[in-house]
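A quick write-up on the structure given underneath.
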Amino acid sequence: MPKPGRILKWLGLAVFFLWTVTPIVFMISASFKGTSDIFKLPPLGDWGGIFNLLFFFDASLVQFESIFHDGSFFSHLLTSIAATGLSVLISVPAGLAAAYALSRANIPGKKHLYFWVITTRMAPPIAVMIPLYVLWRSIGALHTLPGLVLAYVTFNLPFAIWLLRGFMDSIPRELEEAAYVDGKGRIGAFMEIIFPLIRPGVGATVILCSMFAWNDYLFALILGGRGAKTLPVGISELASATQIHWGQIMAGGLVMILPMVILGLAIRKSLVTGLTMGAMRG
Amino acid sequence: MSDQSQSAAQPILAAPPASRSLSLYRRVVENTPWYVWWLAPAVIILAGITLFPFFWMIYMSFMKVRLAPGLSDLFVGWDNWARMFDDPSIYQGWWLQFQYVGVSMVLQMGLGLGLALMLNQTKGGSVLVMIFMIPMMVAPVVVGHLFNLLLNSSYGLYAWILNTLGIYSKGSLLSNPDTALWTIVAMDTWEWTPLIILILLAGLKSVPQDTVEASHVDGSNPIQVFFNVTLPYLAPSLLIAFLLRFMDCMRFIDKILITTRGGPAEATKTLPIYLYFKTFREFNISMGATIGFTLLIAIIVCAMIATNILLAEKGGEDHA
């Protein structure tokens, strides 16, 4: 590549780097400031002041102390963990079994089954929620943890089926046939041959399903409501019409995104495969 | 594959007539193909929480749904449908949704392609990619709050930068009807361009480097190499990136709800946002079901097209 091209390339990457990291750096620095410091901006044009604002400030843990001080943040955190965990606990095992059947059996109408699964995954939450709201209300599941968990299963189960089937398709059938010769049943063959081989895929599925449920706002807002208030809803309530607790919102947001960023980077190799539902190999 | 069912079939025929009902049960159980049991949990759960609600939504669109205790739903025929087609906000909502999704796609695909090409085969690229991935993992709700603060006219960093550079000084970009929708587009672009970069980088691995070098040697300039060699190999990845992002962009409204809630002056009241307010703020469930059903059908049609294309791209193998 000629010289000007290379300069242009690194310039482009540098601009995109700044565009990507500035909001994150800003968020981290705001989380570690006292409330009055968050509102201080240098006079217009003082770029050095901005640099200090982002990197050299009086660090303080006061925002974290205040969100953990009253118990509600902690209870929202527990609700988030419970709703995420339970939805994964239902979706992944049921998805594994269904994916195995779809991968190995000649099922009549398989194409329609696939289509149903994938469209369920692509349905807009706001439309899915309307009948769920009415139904949950009539059976008393509205604003309860089980109701919210089932709502999360509506998107996590189809995702798990679709993704895991892709992983299973990549394992040759001959391996199981050897196990049948050894006198093992289907479940035995699955547990001893298939499962160990797709374990990384199962791990990626668990992490991605957790991410979808953890980051959800709309289902938690409407179906979870008061009874099952998760972190995204709890954090959003820190911004009311009368007062916005920016410091707490930033600190709470940081607590919320940190586990997902770490998990996401941990599986970055399978992230593309997962987010494209197996349409791409990362 | 049918080993179990065959070996099990013999004893059933030989079963004594006395235990007839038991043998009928066994016959049903043992003649059921194995995959039914493996599929059952997932299919039953999914049918209960998606298929049944889907039909319930159609039912509600022909009823006047009354949530108050003691009142039952009233049949109103095509009433809700007629009102939906008479409602100018619906058309406005679809138009805003179209602009939101359309501009987001163009921006993200363009940026994603450019950056993927810059990052491809670049030393240190993988470290940059890792950093670029972070926004994707930030919950949309947090993205909304973060940009609310960044753009805040009195203490937002981005408002300060725009003001200093003389680009914009009239308060928050989110509270101006002319800029609000495009600001949300920018937020979505911040969050999701990385996914397009990742998909295209994976796709670029399939471009044979010797062919690229050969055409460089032949005297092709980089632009010719891109169009003649790279693009044909990259086309499937571009399509996948576009379809996935398009579907997600159509579906999610968290960022709009957190930042503008459809305002200012309804400038960001896209169809799903309008639907949200109609259903869960006015509690007009019947209209919600009607509008929701049309949105769902529109998305299912898109999904049908997307799925067929994706499956065809994957090679079709066994699933067609």
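Simple scheme: letters A, B, ... for chains in structure tokens order, numbers from 1 for residues in each chain, numbers from 1 for ligands in the order shown.
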Original post:
Quick one: which residues from chain B are at most 6 Å off chain A, using only C-alpha atoms, as a list in words?
Top reply: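 Using only C-alpha atoms, chain B residues at most 6 Å from chain A: Tyr35, Trp38, Leu39, Pro41, Ala42, Pro53, Met57, Met118, Met137, Val138, Ala139, Val142, Tyr155, Thr164, Ala202, Arg251 and Gly292 of chain B.
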**OP:** Could you give me the residues within segment 209-260 of chain A that DSSP places in helix (DSSP H, G or I), as a ChimeraX atom specification?
**Re:** /A:209-215,218-224,231-236,246-260
Produce a file of the selected residues containing C-alpha atoms, as a tab-separated table (two decimals), in the first residue's frame.
```
chain	number	residue	atom	x	y	z
A	209	CYS	CA	-28.41	-16.10	26.15
A	210	SER	CA	-27.35	-14.51	29.44
A	211	MET	CA	-26.38	-11.35	27.62
A	212	PHE	CA	-29.74	-11.05	25.85
A	213	ALA	CA	-31.70	-11.56	29.08
A	214	TRP	CA	-29.39	-9.40	31.20
A	215	ASN	CA	-29.55	-6.47	28.80
A	218	LEU	CA	-38.69	-3.70	27.68
A	219	PHE	CA	-39.85	-7.09	29.00
A	220	ALA	CA	-38.61	-6.23	32.48
A	221	LEU	CA	-40.31	-2.84	32.36
A	222	ILE	CA	-43.73	-4.14	31.37
A	223	LEU	CA	-43.93	-7.79	32.41
A	224	GLY	CA	-41.51	-7.64	35.35
A	231	LEU	CA	-31.17	-3.70	36.92
A	232	PRO	CA	-32.01	-1.94	33.62
A	233	VAL	CA	-35.38	-0.87	35.01
A	234	GLY	CA	-33.97	0.00	38.42
A	235	ILE	CA	-31.20	2.11	36.93
A	236	SER	CA	-33.63	3.91	34.64
A	246	TRP	CA	-26.33	10.91	36.98
A	247	GLY	CA	-23.53	9.63	39.16
A	248	GLN	CA	-25.55	6.69	40.40
A	249	ILE	CA	-26.83	5.94	36.90
A	250	MET	CA	-23.29	5.85	35.53
A	251	ALA	CA	-21.96	3.76	38.43
A	252	GLY	CA	-24.93	1.39	38.31
A	253	GLY	CA	-24.59	1.13	34.54
A	254	LEU	CA	-20.93	0.27	34.94
A	255	VAL	CA	-21.72	-2.47	37.45
A	256	MET	CA	-24.30	-3.78	35.02
A	257	ILE	CA	-22.20	-3.82	31.85
A	258	LEU	CA	-18.93	-5.02	33.38
A	259	PRO	CA	-19.79	-8.76	33.64
A	260	MET	CA	-21.16	-8.80	30.09
```
**OP:** Skip Thr211 of chain B itself and residues of its chain fewer than 2 positions away, then list as a PyMOL selection string all residues within 12 Å of it, counting only C-alpha atoms.
**Re:** chain B and resi 206-209+213-218+220+225-226+228-230+233
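Counting only C-alpha atoms and comparing A:Ala204, A:Ala228, A:Ala160, A:Ile28, the residue that lies closest to Phe57 of chain A is A:Ile28.
Atom CA of Phe132 of chain B to atom CA of Thr307 of chain B spans 27.9 Å [interatomic distance, one decimal].
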Original post:
Of the candidates B:Ala312, B:Thr294, B:Met287, B:Ile256, which one gets nearest to Tyr100 of chain B if we count only C-alpha atoms?
Top reply: B:Ile256
Original post:
Do you know which residues are at most 9 Å from Ala267 of chain B counting only C-alpha atoms, after dropping those on the same chain fewer than 4 positions away, and could you put them as a ChimeraX atom specification?
Top reply: /B:96,176-181,260,262-263
Could you write out that same residue set with N, CA and C atoms as an mmCIF file, in the first residue's frame?
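See selection_14.cif below for the written result:
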```cif
data_model
loop_
_atom_site.group_PDB
_atom_site.id
_atom_site.type_symbol
_atom_site.label_atom_id
_atom_site.label_comp_id
_atom_site.auth_asym_id
_atom_site.auth_seq_id
_atom_site.Cartn_x
_atom_site.Cartn_y
_atom_site.Cartn_z
ATOM 1 N N LEU B 96 -41.254 7.188 9.925
ATOM 2 C CA LEU B 96 -40.111 7.442 10.804
ATOM 3 C C LEU B 96 -39.281 6.166 10.997
ATOM 4 N N ASN B 176 -33.992 18.522 20.110
ATOM 5 C CA ASN B 176 -34.334 19.281 18.917
ATOM 6 C C ASN B 176 -35.033 18.345 17.918
ATOM 7 N N PRO B 177 -36.280 18.655 17.536
ATOM 8 C CA PRO B 177 -37.013 17.752 16.632
ATOM 9 C C PRO B 177 -36.283 17.483 15.315
ATOM 10 N N ASP B 178 -35.435 18.421 14.898
ATOM 11 C CA ASP B 178 -34.738 18.223 13.626
ATOM 12 C C ASP B 178 -33.580 17.236 13.739
ATOM 13 N N THR B 179 -33.022 17.099 14.937
ATOM 14 C CA THR B 179 -31.819 16.277 15.063
ATOM 15 C C THR B 179 -32.030 15.010 15.891
ATOM 16 N N ALA B 180 -33.150 14.928 16.629
ATOM 17 C CA ALA B 180 -33.311 13.839 17.600
ATOM 18 C C ALA B 180 -33.182 12.451 16.960
ATOM 19 N N LEU B 181 -33.911 12.256 15.859
ATOM 20 C CA LEU B 181 -33.908 10.915 15.258
ATOM 21 C C LEU B 181 -32.506 10.535 14.774
ATOM 22 N N THR B 260 -35.597 9.845 24.161
ATOM 23 C CA THR B 260 -36.587 10.857 23.756
ATOM 24 C C THR B 260 -38.030 10.451 24.042
ATOM 25 N N GLY B 262 -40.120 9.149 22.171
ATOM 26 C CA GLY B 262 -40.979 9.504 21.050
ATOM 27 C C GLY B 262 -40.956 10.994 20.702
ATOM 28 N N GLY B 263 -40.504 11.828 21.659
ATOM 29 C CA GLY B 263 -40.459 13.267 21.419
ATOM 30 C C GLY B 263 -39.173 13.671 20.754
#
```
Original post:
In Å to one decimal, how far is atom CA of Ile197 of chain B from atom CA of Leu113 of chain B?
Top reply: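 Between these atoms lies a distance of 6.6 Å.
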Original post:
So how far away is atom CA of Ser237 of chain B from atom CA of Ile7 of chain A, in Å?
Top reply: 27.1 Å
**OP:** Rank B:Ile297, B:Glu191, B:Ile49, B:Thr32 by their smallest atom-to-atom distance to Leu148 of chain A, using only C-alpha atoms, and report the top residue only.
**Re:** B:Ile49
Original post:
With distances taken over only C-alpha atoms, which of B:Ile223, B:Met133, B:Pro33, B:Val141 is nearest to Lys269 of chain A?
Top reply: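 For Lys269 of chain A, the nearest of the candidates is B:Met133.
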Original post:
Residues at most 10 Å from Ile291 of chain B, counting only C-alpha atoms, excluding those fewer than 2 positions away in the same chain, as a list in words?
Top reply: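 Neighbouring residues, sequence-local ones excluded: Ala127 of chain A; Ser61, Asn80, Trp81, Met84, Phe85, Ile90, Leu271, Pro272, Tyr274, Leu275, Lys278, Thr279, Ile285, Ser286, Met287, Gly288, Ala289, Phe293, Thr294, Leu295, Leu296 and Ile297 of chain B.
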Original post:
A:Lys33, A:Lys229, A:Lys3, A:His143: which is nearest Phe64 of chain A, counting only C-alpha atoms?
Top reply: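 Going through A:Lys33, A:Lys229, A:Lys3, A:His143 one by one, the smallest distance to Phe64 of chain A is for A:Lys33.
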Original post:
Got a sec: who's within 10 Å of Leu150 of chain B, counting only C-alpha atoms, leaving out chain neighbours fewer than 3 positions off, as a ChimeraX atom specification?
Top reply: /A:22-23,26-27 /B:144-147,153-161,172
